[in-house]
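Here's entry24.tsv, which has TSV, C-alpha atoms:
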chain	number	residue	atom	x	y	z
A	6	GLY	CA	122.90	95.34	89.89
A	7	PHE	CA	122.93	97.87	92.67
A	8	TYR	CA	126.00	96.62	94.56
A	9	LYS	CA	128.08	96.14	91.39
A	10	ALA	CA	127.30	99.75	90.42
A	11	PHE	CA	128.14	100.88	93.96
A	12	GLU	CA	131.47	99.02	94.02
A	13	ALA	CA	132.31	100.40	90.58
A	14	LEU	CA	131.53	103.90	91.91
A	15	SER	CA	129.79	104.38	88.57
A	16	LEU	CA	127.06	107.00	88.52
A	17	GLN	CA	125.98	105.88	85.06
A	18	ARG	CA	125.49	102.28	86.15
A	19	MET	CA	123.79	103.39	89.38
A	20	ALA	CA	121.42	105.58	87.32
A	21	GLU	CA	120.42	102.51	85.28
A	22	VAL	CA	119.57	100.49	88.39
A	23	TRP	CA	116.92	102.97	89.55
A	24	SER	CA	113.53	103.49	87.93
A	25	GLU	CA	113.52	106.40	85.50
A	26	THR	CA	109.76	106.93	85.44
A	27	LEU	CA	108.53	106.11	88.95
A	28	PRO	CA	109.07	108.10	92.15
A	29	ILE	CA	112.25	106.99	93.92
A	30	SER	CA	113.74	107.59	97.36
A	31	CYS	CA	116.80	106.68	99.34
A	32	VAL	CA	117.93	106.66	102.98
A	33	HIS	CA	121.73	106.49	103.31
A	34	PRO	CA	123.13	105.43	106.70
A	35	GLY	CA	122.46	108.26	109.14
A	36	TRP	CA	120.93	110.55	106.50
A	37	ALA	CA	117.43	111.92	106.17
A	38	LEU	CA	115.38	110.53	103.29
A	39	VAL	CA	116.30	111.82	99.83
A	40	ALA	CA	113.43	111.87	97.30
A	41	GLY	CA	113.26	112.28	93.54
A	42	ARG	CA	115.58	111.09	90.81
A	43	SER	CA	117.78	114.18	90.59
A	44	SER	CA	118.30	114.36	94.37
A	45	VAL	CA	118.88	110.61	94.67
A	46	LEU	CA	121.46	110.60	91.87
A	47	ALA	CA	123.11	113.72	93.32
A	48	SER	CA	123.42	111.89	96.66
A	49	TRP	CA	125.20	108.99	94.91
A	50	ALA	CA	127.48	111.39	93.05
A	51	GLY	CA	128.50	112.90	96.39
A	52	ILE	CA	129.10	109.51	97.98
A	53	PHE	CA	131.14	108.31	94.99
A	54	ARG	CA	133.25	111.49	95.02
A	55	GLY	CA	134.10	110.95	98.69
A	56	THR	CA	134.94	107.25	98.29
A	57	GLU	CA	138.16	105.80	96.96
A	58	ARG	CA	137.07	102.18	97.19
A	59	ILE	CA	134.14	100.24	98.66
A	60	ARG	CA	133.39	96.53	98.89
A	61	PHE	CA	130.28	94.77	100.12
A	62	GLU	CA	129.75	91.35	101.56
A	63	LEU	CA	126.02	90.65	101.42
A	64	ARG	CA	124.80	88.61	104.37
A	65	GLU	CA	121.50	86.81	104.85
A	66	PRO	CA	119.78	88.27	101.76
A	67	GLN	CA	116.08	87.48	101.71
A	68	ALA	CA	113.97	88.35	98.68
A	69	PHE	CA	110.20	88.69	98.55
A	70	VAL	CA	108.04	89.01	95.45
A	71	ALA	CA	104.42	90.15	95.53
A	72	GLY	CA	103.15	90.74	91.99
A	73	ASP	CA	104.99	93.73	90.50
A	74	THR	CA	106.54	94.60	93.85
A	75	ALA	CA	109.66	93.03	95.29
A	76	TRP	CA	111.93	93.77	98.20
A	77	VAL	CA	115.14	92.39	99.57
A	78	GLY	CA	116.24	92.57	103.19
A	79	LEU	CA	119.91	91.95	103.90
A	80	VAL	CA	122.89	92.91	106.00
A	81	GLU	CA	125.64	94.78	104.18
A	82	ALA	CA	129.12	94.18	105.58
A	83	ILE	CA	130.90	97.24	104.23
A	84	GLU	CA	134.60	97.87	103.87
A	85	ALA	CA	135.15	101.37	102.56
A	86	GLN	CA	138.03	103.71	101.97
A	87	PRO	CA	136.96	107.31	102.16
A	88	SER	CA	139.72	109.94	101.89
A	89	GLY	CA	142.46	107.83	103.53
A	90	GLY	CA	141.59	105.48	106.39
A	91	LEU	CA	139.51	102.36	106.34
A	92	VAL	CA	135.96	101.99	107.57
A	93	ARG	CA	134.21	98.76	108.37
A	94	ALA	CA	130.52	98.87	109.10
A	95	LEU	CA	127.37	96.81	109.02
A	96	ALA	CA	124.10	98.10	107.63
A	97	HIS	CA	120.64	96.56	107.79
A	98	THR	CA	119.22	97.32	104.38
A	99	THR	CA	115.89	97.20	102.57
A	100	ASN	CA	115.84	97.52	98.78
A	101	VAL	CA	112.43	97.87	97.09
A	102	PHE	CA	111.92	97.10	93.39
A	103	VAL	CA	109.05	97.54	90.96
A	104	LEU	CA	108.64	95.51	87.77
A	105	GLU	CA	108.64	97.95	84.87
A	106	VAL	CA	108.12	96.61	81.35
A	107	GLY	CA	109.66	93.30	82.38
A	108	VAL	CA	112.61	94.77	84.29
A	109	TRP	CA	112.97	95.07	88.05
A	110	ARG	CA	114.01	98.64	88.84
A	111	LEU	CA	115.01	99.96	92.24
A	112	VAL	CA	112.61	102.51	93.71
A	113	HIS	CA	113.69	102.70	97.38
A	114	HIS	CA	116.93	101.96	99.22
A	115	HIS	CA	117.11	102.20	103.02
A	116	ALA	CA	120.50	101.40	104.55
A	117	ALA	CA	120.55	101.66	108.33
A	118	PRO	CA	123.69	101.46	110.44
A	119	THR	CA	123.43	98.64	112.95
A	120	ALA	CA	124.18	99.06	116.63
A	121	ASP	CA	126.67	96.18	116.44
A	122	ALA	CA	128.78	97.76	113.69
A	123	PRO	CA	132.39	96.66	114.06
A	124	ARG	CA	134.64	99.61	114.81
A	125	PRO	CA	137.64	100.36	112.64
A	126	PRO	CA	140.61	98.53	114.18
A	127	GLU	CA	142.83	101.62	114.16
A	128	GLU	CA	140.35	103.76	116.06
A	129	PRO	CA	140.58	103.59	119.86
A	130	GLU	CA	137.34	103.27	121.77
A	131	ARG	CA	136.11	106.55	123.09
A	132	VAL	CA	134.21	107.61	126.13
A	133	LEU	CA	130.81	108.96	125.20
A	134	HIS	CA	131.16	112.40	126.77
B	12	GLY	CA	96.55	101.90	110.39
B	13	PHE	CA	99.83	100.48	111.54
B	14	TYR	CA	100.66	103.01	114.25
B	15	LYS	CA	97.14	103.00	115.72
B	16	ALA	CA	97.35	99.21	116.00
B	17	PHE	CA	100.81	99.50	117.54
B	18	GLU	CA	99.69	102.11	120.10
B	19	ALA	CA	96.65	99.99	120.95
B	20	LEU	CA	99.01	96.99	121.44
B	21	SER	CA	96.32	95.07	119.59
B	22	LEU	CA	97.53	91.95	117.82
B	23	GLN	CA	94.16	91.60	116.08
B	24	ARG	CA	94.35	95.10	114.61
B	25	MET	CA	98.02	94.63	113.70
B	26	ALA	CA	97.14	91.39	111.92
B	27	GLU	CA	94.58	93.26	109.80
B	28	VAL	CA	97.15	95.87	108.70
B	29	TRP	CA	99.43	93.26	107.11
B	30	SER	CA	98.73	91.39	103.90
B	31	GLU	CA	97.19	87.97	104.52
B	32	THR	CA	98.05	86.48	101.15
B	33	LEU	CA	101.41	87.99	100.10
B	34	PRO	CA	104.83	87.31	101.60
B	35	ILE	CA	105.56	89.72	104.46
B	36	SER	CA	108.66	90.64	106.42
B	37	CYS	CA	109.68	92.90	109.25
B	38	VAL	CA	112.88	94.35	110.73
B	39	HIS	CA	112.39	95.61	114.29
B	40	PRO	CA	115.02	98.01	115.67
B	41	GLY	CA	118.21	96.03	116.17
B	42	TRP	CA	116.63	92.71	115.17
B	43	ALA	CA	117.38	90.42	112.24
B	44	LEU	CA	114.71	90.25	109.56
B	45	VAL	CA	111.61	88.25	110.43
B	46	ALA	CA	109.82	86.63	107.47
B	47	GLY	CA	106.42	85.03	107.02
B	48	ARG	CA	103.05	85.87	108.52
B	49	SER	CA	103.23	83.58	111.54
B	50	SER	CA	106.74	84.74	112.51
B	51	VAL	CA	105.92	88.40	111.91
B	52	LEU	CA	102.75	88.21	114.03
B	53	ALA	CA	104.61	86.26	116.73
B	54	SER	CA	107.20	89.07	116.83
B	55	TRP	CA	104.46	91.62	117.39
B	56	ALA	CA	102.87	89.47	120.08
B	57	GLY	CA	106.21	89.40	121.90
B	58	ILE	CA	106.69	93.16	121.59
B	59	PHE	CA	103.15	93.84	122.79
B	60	ARG	CA	103.59	91.50	125.78
B	61	GLY	CA	106.74	93.39	126.81
B	62	THR	CA	105.22	96.85	126.43
B	63	GLU	CA	102.93	98.61	128.87
B	64	ARG	CA	102.40	101.71	126.74
B	65	ILE	CA	103.85	103.15	123.54
B	66	ARG	CA	103.24	106.41	121.69
B	67	PHE	CA	104.55	107.58	118.33
B	68	GLU	CA	105.11	111.01	116.94
B	69	LEU	CA	105.54	110.61	113.18
B	70	ARG	CA	108.02	113.09	111.73
B	71	GLU	CA	108.66	113.99	108.10
B	72	PRO	CA	106.49	111.25	106.58
B	73	GLN	CA	106.96	110.98	102.82
B	74	ALA	CA	104.76	108.68	100.77
B	75	PHE	CA	105.49	107.32	97.31
B	76	VAL	CA	103.08	105.48	95.02
B	77	ALA	CA	104.18	103.50	91.96
B	78	GLY	CA	101.27	101.52	90.56
B	79	ASP	CA	100.27	98.83	93.06
B	80	THR	CA	103.37	99.50	95.18
B	81	ALA	CA	103.69	102.20	97.80
B	82	TRP	CA	106.16	103.01	100.49
B	83	VAL	CA	106.43	105.56	103.26
B	84	GLY	CA	109.66	106.83	104.75
B	85	LEU	CA	109.44	108.59	108.09
B	86	VAL	CA	111.08	109.15	111.44
B	87	GLU	CA	109.30	107.61	114.42
B	88	ALA	CA	109.78	109.52	117.66
B	89	ILE	CA	108.95	106.78	120.15
B	90	GLU	CA	108.04	107.05	123.80
B	91	ALA	CA	107.65	103.60	125.28
B	92	GLN	CA	107.12	102.04	128.65
B	93	PRO	CA	108.47	98.53	128.80
B	94	SER	CA	108.31	96.80	132.21
B	95	GLY	CA	108.77	99.97	134.31
B	96	GLY	CA	111.05	102.74	133.06
B	97	LEU	CA	110.59	105.04	130.12
B	98	VAL	CA	112.36	104.80	126.78
B	99	ARG	CA	112.62	107.56	124.22
B	100	ALA	CA	114.07	106.71	120.84
B	101	LEU	CA	114.09	107.73	117.22
B	102	ALA	CA	113.77	105.25	114.37
B	103	HIS	CA	114.18	105.79	110.66
B	104	THR	CA	111.45	103.66	109.17
B	105	THR	CA	110.39	102.32	105.80
B	106	ASN	CA	106.92	100.82	105.42
B	107	VAL	CA	106.09	99.07	102.13
B	108	PHE	CA	102.52	98.48	100.99
B	109	VAL	CA	100.91	96.57	98.14
B	110	LEU	CA	97.44	97.32	96.76
B	111	GLU	CA	95.35	94.17	97.20
B	112	VAL	CA	91.78	94.18	95.89
B	113	GLY	CA	91.58	97.93	96.42
B	114	VAL	CA	93.16	97.95	99.89
B	115	TRP	CA	96.74	98.94	100.74
B	116	ARG	CA	98.21	96.21	102.93
B	117	LEU	CA	101.55	96.33	104.67
B	118	VAL	CA	104.12	93.82	103.37
B	119	HIS	CA	107.39	95.08	104.86
B	120	HIS	CA	108.29	97.20	107.89
B	121	HIS	CA	111.89	98.21	108.57
B	122	ALA	CA	112.45	100.32	111.68
B	123	ALA	CA	116.08	101.29	112.24
B	124	PRO	CA	117.38	102.97	115.38
B	125	THR	CA	119.05	106.28	114.54
B	126	ALA	CA	122.47	107.24	115.83
B	127	ASP	CA	121.03	110.46	117.26
B	128	ALA	CA	118.42	108.69	119.40
B	129	PRO	CA	117.81	110.69	122.56
B	130	ARG	CA	118.78	108.74	125.65
B	131	PRO	CA	116.30	108.17	128.45
B	132	PRO	CA	116.78	111.02	130.93
B	133	GLU	CA	117.01	108.75	133.98
B	134	GLU	CA	119.80	106.63	132.51
B	135	PRO	CA	123.32	107.90	133.16
B	136	GLU	CA	125.73	107.91	130.23
B	137	ARG	CA	128.00	104.94	130.22
B	138	VAL	CA	131.55	104.35	129.16
B	139	LEU	CA	131.69	102.01	126.20
B	140	HIS	CA	133.90	99.36	127.79
Structure re-expressed in structure tokens:
Amino acid sequence: GFYKAFEALSLQRMAEVWSETLPISCVHPGWALVAGRSSVLASWAGIFRGTERIRFELREPQAFVAGDTAWVGLVEAIEAQPSGGLVRALAHTTNVFVLEVGVWRLVHHHAAPTADAPRPPEEPERVLH
Amino acid sequence: GFYKAFEALSLQRMAEVWSETLPISCVHPGWALVAGRSSVLASWAGIFRGTERIRFELREPQAFVAGDTAWVGLVEAIEAQPSGGLVRALAHTTNVFVLEVGVWRLVHHHAAPTADAPRPPEEPERVLH
């Protein structure tokens, strides 16, 4: 699925998760919405290039099915290694799927940073201004 | 629609926006996911009770339709008056709809506070600890 492809940093596997025929869109944490298959896959390629390693712990997943539409709400506890360093973060995420010829394909991913994101332990707290 | 019902602080109109027969869920800014019609409507009742006035400016709305599934990604520029005071905020929002007997009904709303939310002008900046 989506998180296995993400952890594998595999663009090919990520491409298979998303619908190939329907419109798709994606909101990465702190980004504007990205629309269309080529732009969405390009956004993943960029994220994968900038990431050495990423692991997810999926908290409180809740799935909903309504005919050919399904969505999952969950909290992603993320531990990521960009170029050096270590980042821990929480994201409130919605993943929307559509049933296509018997297969659930991702059509929309919205990952939102939460206000209560744990800060990286090595980073001192900073004054806001 | 959804934002007219929200601005009107009308629970009756909000109830009509959401599907009555399908599973529904809702993530308010900073909240955990709320699932099920009675819990979702109770969450709106609570928000409406605590709000004197709220206005939305909808920025960069992008709509996607895939068969009986549709979703809209947008940025909500919010100006709200809770008990006294004035709050300005931005939220990155996903609204998911399902076509039911010819009518698009809301099944999932995920409003996420953005990191670049403007702070209320009357509130001084605070040190984080």
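Those residues that approach B:Val109 to within 6 Å, counting only C-alpha atoms, are Asp79, Thr80, Trp115 and Arg116 of chain B; same-chain residues fewer than 3 positions away are not listed.
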Could you fit chain A onto chain B with a least-squares superposition over all C-alpha atoms, matched one to one in order, and give me the transformed chain as a compact mmCIF listing (two decimals) with C-alpha atoms, in the coordinates of the input?
# COMPACT_ATOMS: atom_id res chain seq x y z
CA GLY A 6 96.55 101.92 110.40
CA PHE A 7 99.82 100.48 111.53
CA TYR A 8 100.67 103.01 114.26
CA LYS A 9 97.13 103.02 115.71
CA ALA A 10 97.31 99.21 115.98
CA PHE A 11 100.78 99.49 117.53
CA GLU A 12 99.68 102.09 120.10
CA ALA A 13 96.62 99.99 120.93
CA LEU A 14 98.95 96.99 121.43
CA SER A 15 96.27 95.07 119.55
CA LEU A 16 97.45 91.94 117.78
CA GLN A 17 94.11 91.61 116.02
CA ARG A 18 94.30 95.11 114.56
CA MET A 19 97.98 94.64 113.68
CA ALA A 20 97.08 91.38 111.88
CA GLU A 21 94.56 93.30 109.75
CA VAL A 22 97.14 95.88 108.68
CA TRP A 23 99.41 93.27 107.08
CA SER A 24 98.70 91.40 103.86
CA GLU A 25 97.16 87.99 104.47
CA THR A 26 98.00 86.50 101.08
CA LEU A 27 101.35 88.01 100.07
CA PRO A 28 104.78 87.32 101.57
CA ILE A 29 105.53 89.71 104.43
CA SER A 30 108.63 90.61 106.42
CA CYS A 31 109.65 92.86 109.25
CA VAL A 32 112.85 94.30 110.73
CA HIS A 33 112.36 95.56 114.30
CA PRO A 34 115.00 97.94 115.68
CA GLY A 35 118.18 95.92 116.21
CA TRP A 36 116.59 92.62 115.17
CA ALA A 37 117.34 90.34 112.26
CA LEU A 38 114.67 90.18 109.56
CA VAL A 39 111.55 88.18 110.43
CA ALA A 40 109.75 86.60 107.45
CA GLY A 41 106.34 85.02 106.98
CA ARG A 42 102.99 85.88 108.49
CA SER A 43 103.14 83.57 111.49
CA SER A 44 106.65 84.70 112.48
CA VAL A 45 105.84 88.38 111.90
CA LEU A 46 102.68 88.20 114.00
CA ALA A 47 104.53 86.23 116.70
CA SER A 48 107.14 89.01 116.81
CA TRP A 49 104.38 91.60 117.38
CA ALA A 50 102.79 89.43 120.07
CA GLY A 51 106.13 89.34 121.88
CA ILE A 52 106.63 93.09 121.58
CA PHE A 53 103.08 93.80 122.79
CA ARG A 54 103.52 91.46 125.77
CA GLY A 55 106.67 93.31 126.83
CA THR A 56 105.16 96.79 126.42
CA GLU A 57 102.88 98.55 128.86
CA ARG A 58 102.37 101.65 126.73
CA ILE A 59 103.85 103.10 123.54
CA ARG A 60 103.25 106.37 121.70
CA PHE A 61 104.58 107.54 118.36
CA GLU A 62 105.15 110.97 116.97
CA LEU A 63 105.59 110.58 113.22
CA ARG A 64 108.09 113.04 111.77
CA GLU A 65 108.74 113.96 108.15
CA PRO A 66 106.54 111.22 106.63
CA GLN A 67 107.03 110.96 102.89
CA ALA A 68 104.82 108.67 100.82
CA PHE A 69 105.55 107.33 97.35
CA VAL A 70 103.14 105.51 95.05
CA ALA A 71 104.24 103.54 92.00
CA GLY A 72 101.30 101.58 90.58
CA ASP A 73 100.30 98.87 93.07
CA THR A 74 103.38 99.52 95.19
CA ALA A 75 103.71 102.22 97.81
CA TRP A 76 106.19 103.03 100.52
CA VAL A 77 106.48 105.56 103.28
CA GLY A 78 109.72 106.80 104.79
CA LEU A 79 109.50 108.55 108.14
CA VAL A 80 111.13 109.11 111.49
CA GLU A 81 109.35 107.56 114.46
CA ALA A 82 109.81 109.45 117.72
CA ILE A 83 108.98 106.71 120.19
CA GLU A 84 108.06 107.00 123.83
CA ALA A 85 107.62 103.54 125.29
CA GLN A 86 107.09 101.97 128.66
CA PRO A 87 108.42 98.46 128.79
CA SER A 88 108.30 96.70 132.18
CA GLY A 89 108.75 99.85 134.30
CA GLY A 90 111.01 102.65 133.08
CA LEU A 91 110.57 104.94 130.15
CA VAL A 92 112.35 104.73 126.82
CA ARG A 93 112.62 107.46 124.26
CA ALA A 94 114.08 106.62 120.90
CA LEU A 95 114.10 107.65 117.28
CA ALA A 96 113.78 105.18 114.43
CA HIS A 97 114.22 105.73 110.71
CA THR A 98 111.49 103.61 109.21
CA THR A 99 110.41 102.28 105.82
CA ASN A 100 106.93 100.81 105.44
CA VAL A 101 106.11 99.07 102.13
CA PHE A 102 102.52 98.50 100.99
CA VAL A 103 100.91 96.60 98.14
CA LEU A 104 97.45 97.36 96.75
CA GLU A 105 95.35 94.24 97.17
CA VAL A 106 91.78 94.24 95.86
CA GLY A 107 91.58 97.99 96.41
CA VAL A 108 93.18 98.01 99.87
CA TRP A 109 96.73 98.99 100.73
CA ARG A 110 98.20 96.24 102.91
CA LEU A 111 101.55 96.35 104.66
CA VAL A 112 104.09 93.84 103.35
CA HIS A 113 107.39 95.08 104.85
CA HIS A 114 108.28 97.17 107.89
CA HIS A 115 111.90 98.17 108.58
CA ALA A 116 112.45 100.27 111.70
CA ALA A 117 116.08 101.21 112.27
CA PRO A 118 117.39 102.87 115.41
CA THR A 119 119.08 106.15 114.58
CA ALA A 120 122.51 107.10 115.84
CA ASP A 121 121.08 110.33 117.28
CA ALA A 122 118.47 108.59 119.44
CA PRO A 123 117.81 110.66 122.55
CA ARG A 124 118.83 108.78 125.67
CA PRO A 125 116.38 108.22 128.49
CA PRO A 126 116.76 111.15 130.90
CA GLU A 127 117.10 108.90 133.95
CA GLU A 128 119.95 106.88 132.49
CA PRO A 129 123.44 108.26 133.10
CA GLU A 130 125.82 108.29 130.16
CA ARG A 131 128.16 105.38 130.17
CA VAL A 132 131.69 104.84 129.06
CA LEU A 133 131.85 102.43 126.16
CA HIS A 134 134.16 99.86 127.74
| request: Quick one: everything within 12 Å of A:Ala10, counting only C-alpha atoms, minus sequence neighbours fewer than 6 positions away in the same chain. Send it as a PyMOL selection string. | output: chain A and resi 16-23+49-50+53+59-61
| task | Rank nothing, just name the residue among A:His97, A:Ser15, A:Leu104, A:Cys31 nearest to A:Arg54, using all atoms listed in the file. | result |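 For A:Arg54, the nearest of the candidates is A:Ser15.
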| query | Could you work out how far atom CA of A:Gly55 lies from atom CA of B:Thr105, giving the answer in Å with one decimal? | reply |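 Separation of atom CA of B:Thr105 and atom CA of A:Gly55: 26.2 Å.
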Set the distance at 8 Å and use all atoms listed in the file: which residues neighbour B:Leu44 once local chain neighbours fewer than 6 positions away are removed? I'd like the list as a PDB file with C-alpha atoms, in the coordinates of the input.
ATOM      1  CA  GLY A  78     116.240  92.570 103.190  1.00  0.00           C
ATOM      2  CA  LEU A  79     119.910  91.950 103.900  1.00  0.00           C
TER       3      LEU A  79
ATOM      4  CA  SER B  36     108.660  90.640 106.420  1.00  0.00           C
ATOM      5  CA  CYS B  37     109.680  92.900 109.250  1.00  0.00           C
ATOM      6  CA  VAL B  38     112.880  94.350 110.730  1.00  0.00           C
TER       7      VAL B  38
END
Selection: 9 Å around B:Thr62, all atoms listed in the file, excl. self and same-chain fewer than 6 positions, as a PDB file with C-alpha atoms, in the frame of the given file:
ATOM      1  CA  LEU B  20      99.010  96.990 121.440  1.00  0.00           C
ATOM      2  CA  ALA B  91     107.650 103.600 125.280  1.00  0.00           C
ATOM      3  CA  GLN B  92     107.120 102.040 128.650  1.00  0.00           C
ATOM      4  CA  PRO B  93     108.470  98.530 128.800  1.00  0.00           C
ATOM      5  CA  SER B  94     108.310  96.800 132.210  1.00  0.00           C
TER       6      SER B  94
END
Put a box with edges along x, y and z around all the listed atoms of stretch 56-67 of chain B, pad it by 6 Å on each side, then give me its centre and sizes in Å, one decimal, as AutoDock Vina command-line options.
--center_x 104.6 --center_y 98.5 --center_z 123.6 --size_x 16.3 --size_y 30.2 --size_z 22.5
| Distance atom CA of B:Arg64-atom CA of B:Ala102, one decimal place? |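 Atom CA of B:Arg64 sits 17.2 Å away from atom CA of B:Ala102.
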| field | Selected residue, from A:Lys9, A:His115, A:His33, A:Arg42, that lies nearest to chain B when counting all atoms listed in the file | value |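 Ranked by minimum distance to chain B, first place goes to A:His115.
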| message | What are the residues of chain B lining chain A at 9 Å or less? Count all atoms listed in the file, and put the answer as a VMD selection string. | response | chain B and resid 33 to 38 40 to 41 43 to 44 46 71 73 75 to 80 82 84 to 86 103 to 105 107 109 118 to 119 121 to 127 136 to 140
Take the residues just selected and output them with C-alpha atoms as an mmCIF file, in the coordinates of the input.
data_model
loop_
_atom_site.group_PDB
_atom_site.id
_atom_site.type_symbol
_atom_site.label_atom_id
_atom_site.label_comp_id
_atom_site.auth_asym_id
_atom_site.auth_seq_id
_atom_site.Cartn_x
_atom_site.Cartn_y
_atom_site.Cartn_z
ATOM 1 C CA LEU B 33 101.410 87.990 100.100
ATOM 2 C CA PRO B 34 104.830 87.310 101.600
ATOM 3 C CA ILE B 35 105.560 89.720 104.460
ATOM 4 C CA SER B 36 108.660 90.640 106.420
ATOM 5 C CA CYS B 37 109.680 92.900 109.250
ATOM 6 C CA VAL B 38 112.880 94.350 110.730
ATOM 7 C CA PRO B 40 115.020 98.010 115.670
ATOM 8 C CA GLY B 41 118.210 96.030 116.170
ATOM 9 C CA ALA B 43 117.380 90.420 112.240
ATOM 10 C CA LEU B 44 114.710 90.250 109.560
ATOM 11 C CA ALA B 46 109.820 86.630 107.470
ATOM 12 C CA GLU B 71 108.660 113.990 108.100
ATOM 13 C CA GLN B 73 106.960 110.980 102.820
ATOM 14 C CA PHE B 75 105.490 107.320 97.310
ATOM 15 C CA VAL B 76 103.080 105.480 95.020
ATOM 16 C CA ALA B 77 104.180 103.500 91.960
ATOM 17 C CA GLY B 78 101.270 101.520 90.560
ATOM 18 C CA ASP B 79 100.270 98.830 93.060
ATOM 19 C CA THR B 80 103.370 99.500 95.180
ATOM 20 C CA TRP B 82 106.160 103.010 100.490
ATOM 21 C CA GLY B 84 109.660 106.830 104.750
ATOM 22 C CA LEU B 85 109.440 108.590 108.090
ATOM 23 C CA VAL B 86 111.080 109.150 111.440
ATOM 24 C CA HIS B 103 114.180 105.790 110.660
ATOM 25 C CA THR B 104 111.450 103.660 109.170
ATOM 26 C CA THR B 105 110.390 102.320 105.800
ATOM 27 C CA VAL B 107 106.090 99.070 102.130
ATOM 28 C CA VAL B 109 100.910 96.570 98.140
ATOM 29 C CA VAL B 118 104.120 93.820 103.370
ATOM 30 C CA HIS B 119 107.390 95.080 104.860
ATOM 31 C CA HIS B 121 111.890 98.210 108.570
ATOM 32 C CA ALA B 122 112.450 100.320 111.680
ATOM 33 C CA ALA B 123 116.080 101.290 112.240
ATOM 34 C CA PRO B 124 117.380 102.970 115.380
ATOM 35 C CA THR B 125 119.050 106.280 114.540
ATOM 36 C CA ALA B 126 122.470 107.240 115.830
ATOM 37 C CA ASP B 127 121.030 110.460 117.260
ATOM 38 C CA GLU B 136 125.730 107.910 130.230
ATOM 39 C CA ARG B 137 128.000 104.940 130.220
ATOM 40 C CA VAL B 138 131.550 104.350 129.160
ATOM 41 C CA LEU B 139 131.690 102.010 126.200
ATOM 42 C CA HIS B 140 133.900 99.360 127.790
#
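Our summary of the geometry notes that atom CA of B:Ser30 is positioned 9.5 Å from atom CA of B:Val114.
Environment of (129.4, 90.2, 102.6): residues at most 8 Å away, judged by all atoms listed in the file, are Phe61, Glu62, Leu63, Arg64, Val80, Glu81, Ala82 and Ile83 of chain A.
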